Number of protein chains: 2
Amino acid sequence: MPARGTYRHGDLRRALLEAGIELARFGGPEAVTLREATRRVGVVPNAAYRHFASQQDLLHAVRSAALAELAGSMETELAMIGADLSPSVFAMASLRAVGAGYMRFARAEPGLFRTAFGTGPQADRTLPAESADRSRLGPFQLLSLALDRMAAENVLAAKRRPGAEYLAWSAVHGLAMLVIDGPLRGMDEQQIDALIPRLLEMVEKGI
Amino acid sequence: MPARGTYRHGDLRRALLEAGIELARFGGPEAVTLREATRRVGVVPNAAYRHFASQQDLLHAVRSAALAELAGSMETELAMIGADLSPSVFAMASLRAVGAGYMRFARAEPGLFRTAFGTGPQADRTLPAESADRSRLGPFQLLSLALDRMAAENVLAAKRRPGAEYLAWSAVHGLAMLVIDGPLRGMDEQQIDALIPRLLEMVEKGI
DNA sequence: TTGGTTTGTGAACGCTGTCCACATATTGGT
DNA sequence: ACCAATATGTGGACAGCGTTCACAAACCAA
């Protein structure tokens, strides 16, 4: 006898994924548990196995969603610096925009950010180059694009050498990690706000 | 009847801690489980509760040990650049030394590194300034010290502004995280080796 | 010796992921 | 329209995890 749901849920996979995202949002990767996700959807734990091979599989799906949201935050920030700028000014501002978007997301959604770059020995890592579908750009591609623009407009202190995007990424990512999940957690918010432009400045000048 | 150990172990706390470190070394923070640690020591799980308030407490102790090992790696690297250098040359080299030590530890002991900066909502974070005993310097203090030396010898591109150590730390930490636990995992080793000096160069020039 | 404190044991509880057998909807062929 | 095959959710079970409680054994002090 069908007790819990309508027995035929309709789109259980999506429902479970959304429940997982919600869990990650508030509790980070370690909060996305298969049992709790199914509980929220109102279905028995095993039902999840028809749509996700394992809990890790669910977590990977949530991770992808988190990465997409991070990219969205960067694009939002990029859109805010308007297209009425001259190419060179736009190029100059784009690195700061994507960097700021990165940091904004990390601080606004620490749970999702930690999920996106979640720790763990079993976490499946895909190199940014070969990641996902080409349609949507990932965080790394957006950062790389900003550097490309700066190089094209010659507003970069140094010549754009291959791999420079990794250096920029390291700086931004490192600050984000230290702030939301590391020893800098609890640091004064204003101090962090002051640090962000200085960090991006360091990247521009030193890359 | 005393079945497992000698019933009176001697120094169970230390034994459990060392077992925990061993677990963290190979499996990262999520591998340090109370039950496995006690199992290795040959004692019943509950015995741990006489020496650690909880599993988190054990993990915190392991984290401290990991941080100490990281600092040790940085000091080793610092010692390798000899004291026969002129103060200004030594200052110049010290940032790269501590940075390299940081990266070396991260790559050589990813499990311990991930434990040192372990993720999780319940991770107790202490600001570097107020951390630990004064006798041994932590990773952050060593990095900060290197920048101080460079500023004193005027070998820094810019004036040493307060908080610059956070920027340097962010860069190094970010690369380490991306390499051992993030999307850059699996990157070509030589490529990483080439990236490290460039990253430290970026810090020197851009800070 | 005796009584108290420390330290390890044993059994239990609820939580987790996962596997198995089963029941129920949906779907496609005839 | 019927009937078999498939897809999907249920129920029950198992092992492993952290944690708690009551109890036993060892040490220590008076």
# chains A, B, ... in the order shown; residues from 1 in each chain; ligands from 1
>>> residues_around(residues="range 1-16 of chain D", least_positions_apart="2", cutoff="8 Å", atoms="only C-alpha atoms (C1' of nucleotides)", output="ChimeraX atom specification")
/A:2,7-8,43-44,47,50 /C:23-27
>>> select_by_dssp(residues="chain B", states="helix (DSSP H, G or I)", output="PyMOL selection string")
chain B and resi 12-27+29-31+34-41+45-50+55-80+87-108+110-116+128-130+139-152+164-181+189-206
>>> interface_residues(of="chain B", to="chain A", cutoff="8 Å", atoms="only C-alpha atoms", output="PyMOL selection string")
chain B and resi 27-28+30+114+117-121+125-128+163+166-167+169-175+177-178+181-187+195+198-199+201-207
>>> residues_around(residues="Glu77 in chain B", least_positions_apart="4", cutoff="8 Å", atoms="only C-alpha atoms (C1' of nucleotides)", output="ChimeraX atom specification")
/B:73,81,97-98,100-101
>>> write_last_selection(atoms="all heavy atoms", output="PDB file, in the first residue's frame")
ATOM      1  N   SER B  73      57.737  21.986   8.544  1.00  0.00           N
ATOM      2  CA  SER B  73      58.161  21.924   7.142  1.00  0.00           C
ATOM      3  C   SER B  73      58.649  23.278   6.663  1.00  0.00           C
ATOM      4  O   SER B  73      59.637  23.388   5.932  1.00  0.00           O
ATOM      5  CB  SER B  73      56.995  21.435   6.285  1.00  0.00           C
ATOM      6  OG  SER B  73      57.301  21.554   4.912  1.00  0.00           O
ATOM      7  N   ILE B  81      68.125  27.593   3.478  1.00  0.00           N
ATOM      8  CA  ILE B  81      68.722  28.714   2.751  1.00  0.00           C
ATOM      9  C   ILE B  81      69.826  29.369   3.574  1.00  0.00           C
ATOM     10  O   ILE B  81      70.161  30.518   3.375  1.00  0.00           O
ATOM     11  CB  ILE B  81      67.678  29.773   2.356  1.00  0.00           C
ATOM     12  CG1 ILE B  81      66.993  30.341   3.611  1.00  0.00           C
ATOM     13  CG2 ILE B  81      66.667  29.204   1.403  1.00  0.00           C
ATOM     14  CD1 ILE B  81      66.195  31.597   3.310  1.00  0.00           C
ATOM     15  N   ALA B  97      61.035  30.681   0.740  1.00  0.00           N
ATOM     16  CA  ALA B  97      61.311  29.477   1.533  1.00  0.00           C
ATOM     17  C   ALA B  97      60.067  29.028   2.301  1.00  0.00           C
ATOM     18  O   ALA B  97      59.679  27.859   2.228  1.00  0.00           O
ATOM     19  CB  ALA B  97      62.468  29.730   2.490  1.00  0.00           C
ATOM     20  N   VAL B  98      59.457  29.944   3.000  1.00  0.00           N
ATOM     21  CA  VAL B  98      58.288  29.527   3.775  1.00  0.00           C
ATOM     22  C   VAL B  98      57.143  29.141   2.840  1.00  0.00           C
ATOM     23  O   VAL B  98      56.415  28.179   3.104  1.00  0.00           O
ATOM     24  CB  VAL B  98      57.844  30.629   4.771  1.00  0.00           C
ATOM     25  CG1 VAL B  98      58.928  30.907   5.794  1.00  0.00           C
ATOM     26  CG2 VAL B  98      57.441  31.890   4.063  1.00  0.00           C
ATOM     27  N   ALA B 100      57.474  27.818  -0.098  1.00  0.00           N
ATOM     28  CA  ALA B 100      57.811  26.502  -0.638  1.00  0.00           C
ATOM     29  C   ALA B 100      57.593  25.420   0.406  1.00  0.00           C
ATOM     30  O   ALA B 100      57.125  24.320   0.086  1.00  0.00           O
ATOM     31  CB  ALA B 100      59.261  26.493  -1.118  1.00  0.00           C
ATOM     32  N   GLY B 101      57.925  25.740   1.656  1.00  0.00           N
ATOM     33  CA  GLY B 101      57.695  24.767   2.720  1.00  0.00           C
ATOM     34  C   GLY B 101      56.217  24.471   2.884  1.00  0.00           C
ATOM     35  O   GLY B 101      55.811  23.320   3.088  1.00  0.00           O
TER      36      GLY B 101
END
>>> residues_around(residues="range 6-16 of chain C", least_positions_apart="6", cutoff="12 Å", atoms="only C-alpha atoms (C1' of nucleotides)", output="mmCIF file with N, CA and C atoms (P, O5', C5', C4', C3', O3' and C1' of nucleotides), in the first residue's frame")
data_model
loop_
_atom_site.group_PDB
_atom_site.id
_atom_site.type_symbol
_atom_site.label_atom_id
_atom_site.label_comp_id
_atom_site.auth_asym_id
_atom_site.auth_seq_id
_atom_site.Cartn_x
_atom_site.Cartn_y
_atom_site.Cartn_z
ATOM 1 N N GLU A 30 28.857 17.928 4.320
ATOM 2 C CA GLU A 30 28.630 16.836 5.271
ATOM 3 C C GLU A 30 27.189 16.778 5.746
ATOM 4 N N ALA A 31 26.393 17.781 5.399
ATOM 5 C CA ALA A 31 24.995 17.768 5.811
ATOM 6 C C ALA A 31 24.099 17.106 4.766
ATOM 7 N N VAL A 32 24.614 16.941 3.577
ATOM 8 C CA VAL A 32 23.777 16.333 2.544
ATOM 9 C C VAL A 32 23.833 14.814 2.690
ATOM 10 N N THR A 33 22.899 14.331 3.457
ATOM 11 C CA THR A 33 22.803 12.898 3.703
ATOM 12 C C THR A 33 21.603 12.340 2.957
ATOM 13 N N LEU A 34 21.789 11.166 2.483
ATOM 14 C CA LEU A 34 20.763 10.529 1.666
ATOM 15 C C LEU A 34 19.456 10.394 2.430
ATOM 16 N N ARG A 35 19.571 9.985 3.650
ATOM 17 C CA ARG A 35 18.365 9.750 4.448
ATOM 18 C C ARG A 35 17.589 11.037 4.696
ATOM 19 N N GLU A 36 18.311 12.115 4.997
ATOM 20 C CA GLU A 36 17.632 13.383 5.273
ATOM 21 C C GLU A 36 16.988 13.941 4.007
ATOM 22 N N PRO A 45 14.133 5.990 2.300
ATOM 23 C CA PRO A 45 15.532 6.175 1.896
ATOM 24 C C PRO A 45 15.915 5.440 0.623
ATOM 25 N N GLN A 55 25.162 7.839 -2.177
ATOM 26 C CA GLN A 55 25.120 9.164 -1.565
ATOM 27 C C GLN A 55 26.136 10.065 -2.248
ATOM 28 N N MET B 1 36.933 -8.923 33.950
ATOM 29 C CA MET B 1 38.226 -9.488 33.483
ATOM 30 C C MET B 1 38.818 -8.628 32.386
ATOM 31 N N PRO B 2 40.040 -8.189 32.558
ATOM 32 C CA PRO B 2 40.685 -7.360 31.528
ATOM 33 C C PRO B 2 40.974 -8.167 30.283
ATOM 34 N N ALA B 3 40.264 -7.892 29.245
ATOM 35 C CA ALA B 3 40.382 -8.727 28.049
ATOM 36 C C ALA B 3 41.366 -8.145 27.050
ATOM 37 N N ARG B 4 41.232 -6.867 26.754
ATOM 38 C CA ARG B 4 41.971 -6.320 25.619
ATOM 39 C C ARG B 4 43.378 -5.867 26.005
ATOM 40 N N GLY B 5 43.484 -4.685 26.538
ATOM 41 C CA GLY B 5 44.809 -4.174 26.875
ATOM 42 C C GLY B 5 45.270 -4.738 28.199
ATOM 43 N N THR B 6 46.176 -4.042 28.814
ATOM 44 C CA THR B 6 46.596 -4.425 30.166
ATOM 45 C C THR B 6 45.653 -3.794 31.182
ATOM 46 N N TYR B 7 44.506 -3.403 30.631
ATOM 47 C CA TYR B 7 43.481 -2.713 31.414
ATOM 48 C C TYR B 7 43.970 -1.348 31.868
ATOM 49 N N ARG B 8 45.234 -1.278 32.237
ATOM 50 C CA ARG B 8 45.805 0.039 32.504
ATOM 51 C C ARG B 8 46.839 0.309 31.425
ATOM 52 N N HIS B 9 46.499 1.200 30.537
ATOM 53 C CA HIS B 9 47.303 1.304 29.326
ATOM 54 C C HIS B 9 48.610 2.040 29.543
ATOM 55 N N GLY B 10 48.611 3.025 30.397
ATOM 56 C CA GLY B 10 49.822 3.801 30.614
ATOM 57 C C GLY B 10 49.647 5.213 30.115
ATOM 58 N N ASP B 11 49.605 5.337 28.789
ATOM 59 C CA ASP B 11 49.362 6.662 28.224
ATOM 60 C C ASP B 11 48.423 6.541 27.036
ATOM 61 N N LEU B 12 47.189 6.255 27.366
ATOM 62 C CA LEU B 12 46.208 6.001 26.321
ATOM 63 C C LEU B 12 45.948 7.248 25.502
ATOM 64 N N ARG B 13 45.944 8.373 26.148
ATOM 65 C CA ARG B 13 45.671 9.605 25.419
ATOM 66 C C ARG B 13 46.668 9.801 24.282
ATOM 67 N N THR B 38 40.581 3.733 18.540
ATOM 68 C CA THR B 38 40.608 2.817 19.683
ATOM 69 C C THR B 38 40.914 1.384 19.236
ATOM 70 N N GLY B 42 43.884 -1.019 20.461
ATOM 71 C CA GLY B 42 43.499 -2.281 21.088
ATOM 72 C C GLY B 42 42.685 -2.062 22.339
ATOM 73 N N VAL B 43 41.730 -1.162 22.240
ATOM 74 C CA VAL B 43 40.958 -0.808 23.411
ATOM 75 C C VAL B 43 39.516 -0.606 22.961
ATOM 76 N N VAL B 44 38.621 -0.697 23.892
ATOM 77 C CA VAL B 44 37.216 -0.582 23.566
ATOM 78 C C VAL B 44 36.885 0.895 23.261
ATOM 79 N N PRO B 45 35.961 1.158 22.337
ATOM 80 C CA PRO B 45 35.676 2.533 21.916
ATOM 81 C C PRO B 45 35.470 3.504 23.068
ATOM 82 N N ASN B 46 34.719 3.101 24.071
ATOM 83 C CA ASN B 46 34.378 4.027 25.137
ATOM 84 C C ASN B 46 35.583 4.519 25.906
ATOM 85 N N ALA B 47 36.642 3.757 25.888
ATOM 86 C CA ALA B 47 37.830 4.139 26.642
ATOM 87 C C ALA B 47 38.317 5.522 26.224
ATOM 88 N N ALA B 48 38.073 5.870 24.956
ATOM 89 C CA ALA B 48 38.545 7.159 24.459
ATOM 90 C C ALA B 48 37.915 8.313 25.226
ATOM 91 N N TYR B 49 36.710 8.090 25.705
ATOM 92 C CA TYR B 49 35.983 9.187 26.345
ATOM 93 C C TYR B 49 36.574 9.598 27.690
ATOM 94 N N ARG B 50 37.485 8.785 28.201
ATOM 95 C CA ARG B 50 38.184 9.193 29.425
ATOM 96 C C ARG B 50 39.256 10.232 29.119
ATOM 97 N N HIS B 51 39.615 10.356 27.825
ATOM 98 C CA HIS B 51 40.738 11.232 27.465
ATOM 99 C C HIS B 51 40.355 12.298 26.449
ATOM 100 P P DA D 15 25.577 -7.987 10.595
ATOM 101 O "O5'" DA D 15 26.539 -6.763 10.260
ATOM 102 C "C5'" DA D 15 27.139 -6.678 8.966
ATOM 103 C "C4'" DA D 15 27.787 -5.309 8.799
ATOM 104 C "C3'" DA D 15 28.706 -4.919 9.961
ATOM 105 O "O3'" DA D 15 29.893 -4.332 9.450
ATOM 106 C "C1'" DA D 15 27.046 -3.269 9.667
ATOM 107 P P DG D 16 31.120 -4.085 10.459
ATOM 108 O "O5'" DG D 16 31.187 -2.491 10.630
ATOM 109 C "C5'" DG D 16 31.326 -1.662 9.487
ATOM 110 C "C4'" DG D 16 31.026 -0.230 9.885
ATOM 111 C "C3'" DG D 16 31.707 0.196 11.197
ATOM 112 O "O3'" DG D 16 32.585 1.293 10.964
ATOM 113 C "C1'" DG D 16 29.395 0.793 11.180
ATOM 114 P P DC D 17 33.511 1.866 12.113
ATOM 115 O "O5'" DC D 17 32.669 3.113 12.633
ATOM 116 C "C5'" DC D 17 32.524 4.247 11.793
ATOM 117 C "C4'" DC D 17 31.494 5.198 12.367
ATOM 118 C "C3'" DC D 17 31.755 5.621 13.793
ATOM 119 O "O3'" DC D 17 32.626 6.740 13.817
ATOM 120 C "C1'" DC D 17 29.420 5.170 13.409
ATOM 121 P P DG D 18 33.224 7.218 15.168
ATOM 122 O "O5'" DG D 18 31.969 7.891 15.900
ATOM 123 C "C5'" DG D 18 31.566 9.182 15.493
ATOM 124 C "C4'" DG D 18 30.482 9.704 16.403
ATOM 125 C "C3'" DG D 18 30.942 10.057 17.814
ATOM 126 O "O3'" DG D 18 30.282 11.245 18.240
ATOM 127 C "C1'" DG D 18 29.259 8.402 17.933
ATOM 128 P P DT D 19 30.718 11.957 19.581
ATOM 129 O "O5'" DT D 19 29.729 11.310 20.653
ATOM 130 C "C5'" DT D 19 28.324 11.377 20.425
ATOM 131 C "C4'" DT D 19 27.587 10.561 21.463
ATOM 132 C "C3'" DT D 19 28.096 10.730 22.900
ATOM 133 O "O3'" DT D 19 27.100 11.408 23.651
ATOM 134 C "C1'" DT D 19 27.565 8.455 22.382
ATOM 135 P P DT D 20 27.431 11.847 25.144
ATOM 136 O "O5'" DT D 20 26.590 10.804 26.015
ATOM 137 C "C5'" DT D 20 25.248 10.517 25.652
ATOM 138 C "C4'" DT D 20 24.711 9.373 26.505
ATOM 139 C "C3'" DT D 20 25.163 9.423 27.969
ATOM 140 O "O3'" DT D 20 24.023 9.366 28.829
ATOM 141 C "C1'" DT D 20 25.549 7.265 27.044
ATOM 142 P P DC D 21 24.112 9.586 30.371
ATOM 143 O "O5'" DC D 21 24.003 8.091 30.928
ATOM 144 C "C5'" DC D 21 22.859 7.289 30.607
ATOM 145 C "C4'" DC D 21 23.046 5.880 31.155
ATOM 146 C "C3'" DC D 21 23.561 5.835 32.591
ATOM 147 O "O3'" DC D 21 22.625 5.190 33.442
ATOM 148 C "C1'" DC D 21 24.849 4.414 31.143
ATOM 149 P P DA D 22 22.870 5.153 35.005
ATOM 150 O "O5'" DA D 22 23.495 3.692 35.189
ATOM 151 C "C5'" DA D 22 22.758 2.560 34.748
ATOM 152 C "C4'" DA D 22 23.641 1.320 34.768
ATOM 153 C "C3'" DA D 22 24.259 0.998 36.132
ATOM 154 O "O3'" DA D 22 24.190 -0.405 36.366
ATOM 155 C "C1'" DA D 22 25.965 1.169 34.540
ATOM 156 P P DC D 23 24.607 -1.010 37.800
ATOM 157 O "O5'" DC D 23 26.077 -1.586 37.525
ATOM 158 C "C5'" DC D 23 26.210 -2.713 36.645
ATOM 159 C "C4'" DC D 23 27.684 -2.960 36.366
ATOM 160 C "C3'" DC D 23 28.542 -3.304 37.587
ATOM 161 O "O3'" DC D 23 29.178 -4.551 37.354
ATOM 162 C "C1'" DC D 23 29.623 -1.744 36.196
ATOM 163 P P DA D 24 29.893 -5.303 38.605
ATOM 164 O "O5'" DA D 24 31.413 -5.402 38.146
ATOM 165 C "C5'" DA D 24 31.723 -5.898 36.842
ATOM 166 C "C4'" DA D 24 33.181 -5.621 36.531
ATOM 167 C "C3'" DA D 24 34.154 -5.957 37.664
ATOM 168 O "O3'" DA D 24 35.335 -6.484 37.106
ATOM 169 C "C1'" DA D 24 34.371 -3.690 37.094
ATOM 170 P P DA D 25 36.236 -7.495 37.982
ATOM 171 O "O5'" DA D 25 37.705 -6.921 37.794
ATOM 172 C "C5'" DA D 25 38.132 -6.578 36.476
ATOM 173 C "C4'" DA D 25 39.038 -5.373 36.536
ATOM 174 C "C3'" DA D 25 40.202 -5.497 37.538
ATOM 175 O "O3'" DA D 25 41.393 -5.243 36.834
ATOM 176 C "C1'" DA D 25 39.108 -3.420 37.769
ATOM 177 P P DA D 26 42.769 -5.898 37.370
ATOM 178 O "O5'" DA D 26 43.600 -4.610 37.840
ATOM 179 C "C5'" DA D 26 44.073 -3.730 36.833
ATOM 180 C "C4'" DA D 26 44.179 -2.347 37.410
ATOM 181 C "C3'" DA D 26 45.280 -2.152 38.462
ATOM 182 O "O3'" DA D 26 46.245 -1.290 37.924
ATOM 183 C "C1'" DA D 26 43.270 -1.041 39.051
ATOM 184 P P DC D 27 47.739 -1.346 38.492
ATOM 185 O "O5'" DC D 27 47.855 0.018 39.329
ATOM 186 C "C5'" DC D 27 47.621 1.245 38.661
ATOM 187 C "C4'" DC D 27 47.030 2.245 39.622
ATOM 188 C "C3'" DC D 27 47.930 2.658 40.795
ATOM 189 O "O3'" DC D 27 48.304 4.004 40.619
ATOM 190 C "C1'" DC D 27 45.668 2.429 41.440
ATOM 191 P P DC D 28 49.454 4.643 41.570
ATOM 192 O "O5'" DC D 28 48.733 5.878 42.281
ATOM 193 C "C5'" DC D 28 47.305 5.913 42.348
ATOM 194 C "C4'" DC D 28 46.862 6.793 43.507
ATOM 195 C "C3'" DC D 28 47.930 7.056 44.566
ATOM 196 O "O3'" DC D 28 47.650 8.298 45.208
ATOM 197 C "C1'" DC D 28 46.203 5.775 45.518
#
>>> residues_around(residues="Ala146 in chain A", least_positions_apart="6", cutoff="8 Å", atoms="only C-alpha atoms (C1' of nucleotides)", output="NGL selection string")
:A and (91 or 94-95 or 98)
>>> write_last_selection(atoms="N, CA, C and O atoms", output="PDB file, in the first residue's frame")
ATOM      1  N   ALA A  91      37.903  45.814 -19.470  1.00  0.00           N
ATOM      2  CA  ALA A  91      38.868  44.744 -19.213  1.00  0.00           C
ATOM      3  C   ALA A  91      39.488  44.898 -17.828  1.00  0.00           C
ATOM      4  O   ALA A  91      39.612  43.944 -17.066  1.00  0.00           O
ATOM      5  N   SER A  94      37.007  43.901 -15.198  1.00  0.00           N
ATOM      6  CA  SER A  94      36.392  42.569 -15.239  1.00  0.00           C
ATOM      7  C   SER A  94      37.040  41.607 -14.248  1.00  0.00           C
ATOM      8  O   SER A  94      36.363  40.786 -13.633  1.00  0.00           O
ATOM      9  N   LEU A  95      38.340  41.715 -14.081  1.00  0.00           N
ATOM     10  CA  LEU A  95      38.997  40.816 -13.127  1.00  0.00           C
ATOM     11  C   LEU A  95      38.456  41.061 -11.722  1.00  0.00           C
ATOM     12  O   LEU A  95      38.125  40.118 -11.003  1.00  0.00           O
ATOM     13  N   VAL A  98      34.847  39.591 -11.432  1.00  0.00           N
ATOM     14  CA  VAL A  98      34.717  38.152 -11.228  1.00  0.00           C
ATOM     15  C   VAL A  98      35.293  37.754  -9.874  1.00  0.00           C
ATOM     16  O   VAL A  98      34.747  36.885  -9.176  1.00  0.00           O
TER      17      VAL A  98
END
>>> residues_around(residues="Ala108 in chain B", least_positions_apart="5", cutoff="10 Å", atoms="only C-alpha atoms (C1' of nucleotides)", output="PyMOL selection string")
chain B and resi 25+103+113+180
>>> residues_around(residues="Pro139 in chain B", least_positions_apart="4", cutoff="10 Å", atoms="only C-alpha atoms (C1' of nucleotides)", output="mmCIF file with N, CA, C and O atoms, in the first residue's frame")
data_model
loop_
_atom_site.group_PDB
_atom_site.id
_atom_site.type_symbol
_atom_site.label_atom_id
_atom_site.label_comp_id
_atom_site.auth_asym_id
_atom_site.auth_seq_id
_atom_site.Cartn_x
_atom_site.Cartn_y
_atom_site.Cartn_z
ATOM 1 N N LEU B 67 49.124 21.036 12.249
ATOM 2 C CA LEU B 67 49.595 22.405 12.097
ATOM 3 C C LEU B 67 51.056 22.518 12.515
ATOM 4 O O LEU B 67 51.852 23.213 11.881
ATOM 5 N N ALA B 68 51.407 21.823 13.578
ATOM 6 C CA ALA B 68 52.789 21.860 14.041
ATOM 7 C C ALA B 68 53.720 21.257 12.995
ATOM 8 O O ALA B 68 54.820 21.770 12.754
ATOM 9 N N GLU B 69 53.279 20.188 12.370
ATOM 10 C CA GLU B 69 54.117 19.568 11.340
ATOM 11 C C GLU B 69 54.272 20.489 10.137
ATOM 12 O O GLU B 69 55.340 20.551 9.515
ATOM 13 N N LEU B 70 53.203 21.193 9.803
ATOM 14 C CA LEU B 70 53.283 22.153 8.703
ATOM 15 C C LEU B 70 54.306 23.239 9.016
ATOM 16 O O LEU B 70 55.169 23.568 8.179
ATOM 17 N N ALA B 71 54.226 23.767 10.218
ATOM 18 C CA ALA B 71 55.193 24.791 10.617
ATOM 19 C C ALA B 71 56.611 24.223 10.550
ATOM 20 O O ALA B 71 57.554 24.909 10.129
ATOM 21 N N GLY B 72 56.747 22.972 10.947
ATOM 22 C CA GLY B 72 58.066 22.345 10.896
ATOM 23 C C GLY B 72 58.606 22.280 9.482
ATOM 24 O O GLY B 72 59.800 22.530 9.239
ATOM 25 N N SER B 73 57.737 21.986 8.544
ATOM 26 C CA SER B 73 58.161 21.924 7.142
ATOM 27 C C SER B 73 58.649 23.278 6.663
ATOM 28 O O SER B 73 59.637 23.388 5.932
ATOM 29 N N MET B 74 57.946 24.319 7.085
ATOM 30 C CA MET B 74 58.349 25.664 6.675
ATOM 31 C C MET B 74 59.696 26.032 7.292
ATOM 32 O O MET B 74 60.544 26.654 6.639
ATOM 33 N N GLU B 75 59.891 25.659 8.536
ATOM 34 C CA GLU B 75 61.156 25.977 9.199
ATOM 35 C C GLU B 75 62.314 25.207 8.577
ATOM 36 O O GLU B 75 63.433 25.719 8.464
ATOM 37 N N VAL B 98 59.457 29.944 3.000
ATOM 38 C CA VAL B 98 58.288 29.527 3.775
ATOM 39 C C VAL B 98 57.143 29.141 2.840
ATOM 40 O O VAL B 98 56.415 28.179 3.104
ATOM 41 N N GLY B 99 57.015 29.846 1.750
ATOM 42 C CA GLY B 99 55.992 29.477 0.784
ATOM 43 C C GLY B 99 56.226 28.090 0.218
ATOM 44 O O GLY B 99 55.311 27.278 0.103
ATOM 45 N N GLY B 101 57.925 25.740 1.656
ATOM 46 C CA GLY B 101 57.695 24.767 2.720
ATOM 47 C C GLY B 101 56.217 24.471 2.884
ATOM 48 O O GLY B 101 55.811 23.320 3.088
ATOM 49 N N TYR B 102 55.436 25.506 2.775
ATOM 50 C CA TYR B 102 53.977 25.357 2.851
ATOM 51 C C TYR B 102 53.499 24.405 1.757
ATOM 52 O O TYR B 102 52.778 23.441 2.009
ATOM 53 N N PRO B 128 44.916 33.411 13.973
ATOM 54 C CA PRO B 128 46.346 33.120 14.067
ATOM 55 C C PRO B 128 47.033 33.900 15.174
ATOM 56 O O PRO B 128 47.933 33.395 15.829
ATOM 57 N N LEU B 143 55.053 33.047 7.967
ATOM 58 C CA LEU B 143 54.850 33.803 6.733
ATOM 59 C C LEU B 143 54.944 35.300 7.015
ATOM 60 O O LEU B 143 55.599 36.059 6.277
ATOM 61 N N SER B 144 54.289 35.687 8.086
ATOM 62 C CA SER B 144 54.295 37.094 8.467
ATOM 63 C C SER B 144 55.715 37.575 8.752
ATOM 64 O O SER B 144 56.112 38.680 8.366
ATOM 65 N N LEU B 145 56.474 36.723 9.407
ATOM 66 C CA LEU B 145 57.860 37.050 9.745
ATOM 67 C C LEU B 145 58.691 37.287 8.492
ATOM 68 O O LEU B 145 59.519 38.211 8.429
ATOM 69 N N TRP B 169 49.328 34.835 2.343
ATOM 70 C CA TRP B 169 48.818 33.555 2.822
ATOM 71 C C TRP B 169 47.720 33.032 1.900
ATOM 72 O O TRP B 169 47.666 31.845 1.565
#
